[in-house]
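K.L.:
The following block contains the structure, expressed as structure tokens.
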Amino acid sequence: MRDRSRTVGTLIVAAALPALTGASLPTPDVSAVITGLRSHNGQLMACLTARPDTFPNCQNDPEARRLIVPATSPTLDFGRVLTGRYAIAVIHDENSNGKLDKRLMIPREGFGFSQDAPVMMGPPKFSSAAFPVGSVGERLSIKMRYMF
């Protein structure tokens with residue numbers, strides 16, 4: 001019985017060690033390669049969120065990861081995230097004005113979503129774009145779409 005309680009005590013201390021030392025448990029990386037760009041002009045603006053109520057623009061999610069990268073380097077690296085369900089939205093801001101340009105409510109610049117979520121009379125729902133992130137992370141490919 002004594003050996004058993006020593007083993008249990010060792011397991012409890014080992015499990016608590018990261019919290020006691022300030023270290024964190026390993027978390028997975030999320031990255032995406034953007035395909036189908038019609039040009040390498042401008043920049044790619046992307047966000048990663050786990051909150052369905054803030055997708056696709058993520059502005060009301062303080063935990064969202066936002067990236068802006070040159071369109072000449074179409075790889076997004078969101079870094080380490082907690083395991084869970086996430087969705088990514090990407091805009092190809094070709095003129096680098098920091099927004100998605102529209103004409104009569106129709107995007108004039110490119111856009112894309114994780115899971116190649118379908119667009120029907122507006123952006124897709126979080127559930128269509130969501131993907132799971134487990135202990136090994138996630139590497140995605142996101143295809144850009146252009147209306148004009």
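A note on labels: chains of the structure tokens are A, B, ... as shown, every chain counts residues from 1, and ligands are counted from 1 in their shown order.
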Can I get the residues of segment 18-79 of chain A within 9 Å of segment 84-108 of chain A, each with the closest pair of atoms and their distance in Å to one decimal, using only C-alpha atoms, sorted chain first then ascending number, as a tab-separated table?
P.N.:
```
residue	atom	partner	partner_atom	distance
A:Ile34	CA	A:Val90	CA	8.7
A:Leu37	CA	A:His92	CA	7.9
A:Ser39	CA	A:Glu94	CA	7.9
A:His40	CA	A:Glu94	CA	7.8
A:Asn41	CA	A:Glu94	CA	5.2
A:Gly42	CA	A:Glu94	CA	4.1
A:Gln43	CA	A:Asp93	CA	5.2
A:Leu44	CA	A:His92	CA	4.7
A:Met45	CA	A:Ile91	CA	5.2
A:Ala46	CA	A:Val90	CA	4.3
A:Cys47	CA	A:Ala89	CA	5.6
A:Leu48	CA	A:Ile88	CA	4.5
A:Thr49	CA	A:Tyr86	CA	5.4
A:Ala50	CA	A:Tyr86	CA	4.4
A:Arg51	CA	A:Tyr86	CA	7.6
A:Pro52	CA	A:Ala87	CA	8.4
A:Phe55	CA	A:Ala87	CA	7.5
A:Pro56	CA	A:Ala89	CA	5.7
A:Asn57	CA	A:Ala89	CA	7.2
A:Cys58	CA	A:Ala89	CA	8.8
A:Ala71	CA	A:His92	CA	7.4
```
K.L.:
Quick one: write out the picked residues with N, CA and C atoms as a PDB file, in the first residue's frame?
P.N.:
```pdb
ATOM      1  N   ILE A  34      -2.087  29.864 -48.390  1.00  0.00           N
ATOM      2  CA  ILE A  34      -3.146  30.464 -49.197  1.00  0.00           C
ATOM      3  C   ILE A  34      -2.874  30.158 -50.664  1.00  0.00           C
ATOM      4  N   LEU A  37      -4.282  32.834 -55.385  1.00  0.00           N
ATOM      5  CA  LEU A  37      -4.173  34.293 -55.444  1.00  0.00           C
ATOM      6  C   LEU A  37      -4.098  34.737 -56.904  1.00  0.00           C
ATOM      7  N   SER A  39      -3.023  37.671 -57.802  1.00  0.00           N
ATOM      8  CA  SER A  39      -1.820  38.496 -57.907  1.00  0.00           C
ATOM      9  C   SER A  39      -1.083  38.438 -56.580  1.00  0.00           C
ATOM     10  N   HIS A  40       0.122  38.949 -56.590  1.00  0.00           N
ATOM     11  CA  HIS A  40       0.894  39.053 -55.349  1.00  0.00           C
ATOM     12  C   HIS A  40       0.932  40.488 -54.857  1.00  0.00           C
ATOM     13  N   ASN A  41      -0.019  41.297 -55.329  1.00  0.00           N
ATOM     14  CA  ASN A  41      -0.131  42.683 -54.882  1.00  0.00           C
ATOM     15  C   ASN A  41      -0.755  42.733 -53.497  1.00  0.00           C
ATOM     16  N   GLY A  42      -0.365  43.716 -52.729  1.00  0.00           N
ATOM     17  CA  GLY A  42      -1.030  43.975 -51.463  1.00  0.00           C
ATOM     18  C   GLY A  42      -0.668  43.008 -50.359  1.00  0.00           C
ATOM     19  N   GLN A  43      -1.659  42.729 -49.528  1.00  0.00           N
ATOM     20  CA  GLN A  43      -1.443  41.947 -48.318  1.00  0.00           C
ATOM     21  C   GLN A  43      -2.600  40.985 -48.064  1.00  0.00           C
ATOM     22  N   LEU A  44      -2.323  40.011 -47.209  1.00  0.00           N
ATOM     23  CA  LEU A  44      -3.355  39.084 -46.759  1.00  0.00           C
ATOM     24  C   LEU A  44      -3.667  39.425 -45.314  1.00  0.00           C
ATOM     25  N   MET A  45      -4.935  39.619 -45.034  1.00  0.00           N
ATOM     26  CA  MET A  45      -5.393  39.900 -43.672  1.00  0.00           C
ATOM     27  C   MET A  45      -6.201  38.696 -43.217  1.00  0.00           C
ATOM     28  N   ALA A  46      -5.814  38.122 -42.086  1.00  0.00           N
ATOM     29  CA  ALA A  46      -6.454  36.888 -41.631  1.00  0.00           C
ATOM     30  C   ALA A  46      -6.766  36.956 -40.146  1.00  0.00           C
ATOM     31  N   CYS A  47      -7.760  36.178 -39.763  1.00  0.00           N
ATOM     32  CA  CYS A  47      -8.048  36.019 -38.335  1.00  0.00           C
ATOM     33  C   CYS A  47      -8.431  34.573 -38.060  1.00  0.00           C
ATOM     34  N   LEU A  48      -8.078  34.141 -36.871  1.00  0.00           N
ATOM     35  CA  LEU A  48      -8.377  32.806 -36.364  1.00  0.00           C
ATOM     36  C   LEU A  48      -9.166  32.996 -35.084  1.00  0.00           C
ATOM     37  N   THR A  49     -10.324  32.375 -34.988  1.00  0.00           N
ATOM     38  CA  THR A  49     -11.145  32.508 -33.791  1.00  0.00           C
ATOM     39  C   THR A  49     -11.758  31.170 -33.400  1.00  0.00           C
ATOM     40  N   ALA A  50     -12.057  31.047 -32.127  1.00  0.00           N
ATOM     41  CA  ALA A  50     -12.763  29.874 -31.610  1.00  0.00           C
ATOM     42  C   ALA A  50     -14.192  30.246 -31.240  1.00  0.00           C
ATOM     43  N   ARG A  51     -14.567  31.505 -31.444  1.00  0.00           N
ATOM     44  CA  ARG A  51     -15.898  31.981 -31.041  1.00  0.00           C
ATOM     45  C   ARG A  51     -16.814  32.139 -32.248  1.00  0.00           C
ATOM     46  N   PRO A  52     -17.855  31.328 -32.337  1.00  0.00           N
ATOM     47  CA  PRO A  52     -18.788  31.413 -33.463  1.00  0.00           C
ATOM     48  C   PRO A  52     -19.454  32.781 -33.592  1.00  0.00           C
ATOM     49  N   PHE A  55     -17.184  35.283 -35.731  1.00  0.00           N
ATOM     50  CA  PHE A  55     -16.714  34.899 -37.064  1.00  0.00           C
ATOM     51  C   PHE A  55     -17.584  35.557 -38.127  1.00  0.00           C
ATOM     52  N   PRO A  56     -17.060  36.091 -39.220  1.00  0.00           N
ATOM     53  CA  PRO A  56     -15.708  35.942 -39.726  1.00  0.00           C
ATOM     54  C   PRO A  56     -14.763  37.113 -39.451  1.00  0.00           C
ATOM     55  N   ASN A  57     -15.225  38.238 -38.899  1.00  0.00           N
ATOM     56  CA  ASN A  57     -14.299  39.374 -38.784  1.00  0.00           C
ATOM     57  C   ASN A  57     -13.508  39.420 -37.485  1.00  0.00           C
ATOM     58  N   CYS A  58     -13.898  38.712 -36.473  1.00  0.00           N
ATOM     59  CA  CYS A  58     -13.140  38.540 -35.230  1.00  0.00           C
ATOM     60  C   CYS A  58     -12.924  39.810 -34.416  1.00  0.00           C
ATOM     61  N   ALA A  71       1.264  39.602 -49.671  1.00  0.00           N
ATOM     62  CA  ALA A  71       0.701  38.600 -50.580  1.00  0.00           C
ATOM     63  C   ALA A  71       1.798  37.824 -51.300  1.00  0.00           C
TER      64      ALA A  71
END
```
K.L.:
Based on the backbone DSSP call, show me all residues of segment 2-145 of chain A assigned strand (DSSP E), as a VMD selection string.
P.N.:
chain A and resid 29 to 35 43 to 49 65 to 70 75 to 80 84 to 93 102 to 103 106 to 107 110 to 113 131 to 133 138 to 143
K.L.:
I want to know what sits within 12 Å of Ala117 of chain A, based on only C-alpha atoms, with residues of the same chain fewer than 2 positions away left out; could you give that as a ChimeraX atom specification?
P.N.:
/A:56,87-90,111-115,119-120,122-131,141-145
K.L.:
Env of Leu140 of chain A: 7 Å cut, atoms = only C-alpha atoms, seq-sep filter 5 positions within chain, self excluded. Answer as a PyMOL selection string.
P.N.:
chain A and resi 31-33
K.L.:
Once DSSP has gone over the backbone, tell me which residues of segment 48-145 of chain A are in alpha helix (DSSP H), as an mmCIF file with N, CA and C atoms, in the first residue's frame.
P.N.:
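See states_22.cif below for the written result:
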```cif
data_model
loop_
_atom_site.group_PDB
_atom_site.id
_atom_site.type_symbol
_atom_site.label_atom_id
_atom_site.label_comp_id
_atom_site.auth_asym_id
_atom_site.auth_seq_id
_atom_site.Cartn_x
_atom_site.Cartn_y
_atom_site.Cartn_z
ATOM 1 N N PHE A 126 -19.733 29.877 -38.812
ATOM 2 C CA PHE A 126 -18.584 29.292 -38.135
ATOM 3 C C PHE A 126 -18.577 27.775 -38.298
ATOM 4 N N SER A 127 -19.721 27.144 -38.153
ATOM 5 C CA SER A 127 -19.789 25.678 -38.215
ATOM 6 C C SER A 127 -19.323 25.130 -39.561
ATOM 7 N N SER A 128 -19.477 25.902 -40.638
ATOM 8 C CA SER A 128 -19.027 25.454 -41.961
ATOM 9 C C SER A 128 -17.520 25.589 -42.140
ATOM 10 N N ALA A 129 -16.929 26.528 -41.432
ATOM 11 C CA ALA A 129 -15.497 26.786 -41.572
ATOM 12 C C ALA A 129 -14.664 26.169 -40.454
#
```
K.L.:
At what distance in Å, to one decimal, does atom CA of Met147 of chain A lie from atom CA of Asp77 of chain A?
P.N.:
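Interatomic distance, atom CA of Asp77 of chain A to atom CA of Met147 of chain A: 26.4 Å.
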K.L.:
Would you compute the distance between atom CA of Asp53 of chain A and atom CA of Tyr146 of chain A? Give it in Å to one decimal.
P.N.:
25.1 Å
K.L.:
Between atom CA of Ile68 of chain A and atom CA of Gly137 of chain A, what distance in Å does the model show, to one decimal?
P.N.:
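Taking atom CA of Ile68 of chain A as the start and atom CA of Gly137 of chain A as the end point, the length is 20.9 Å.
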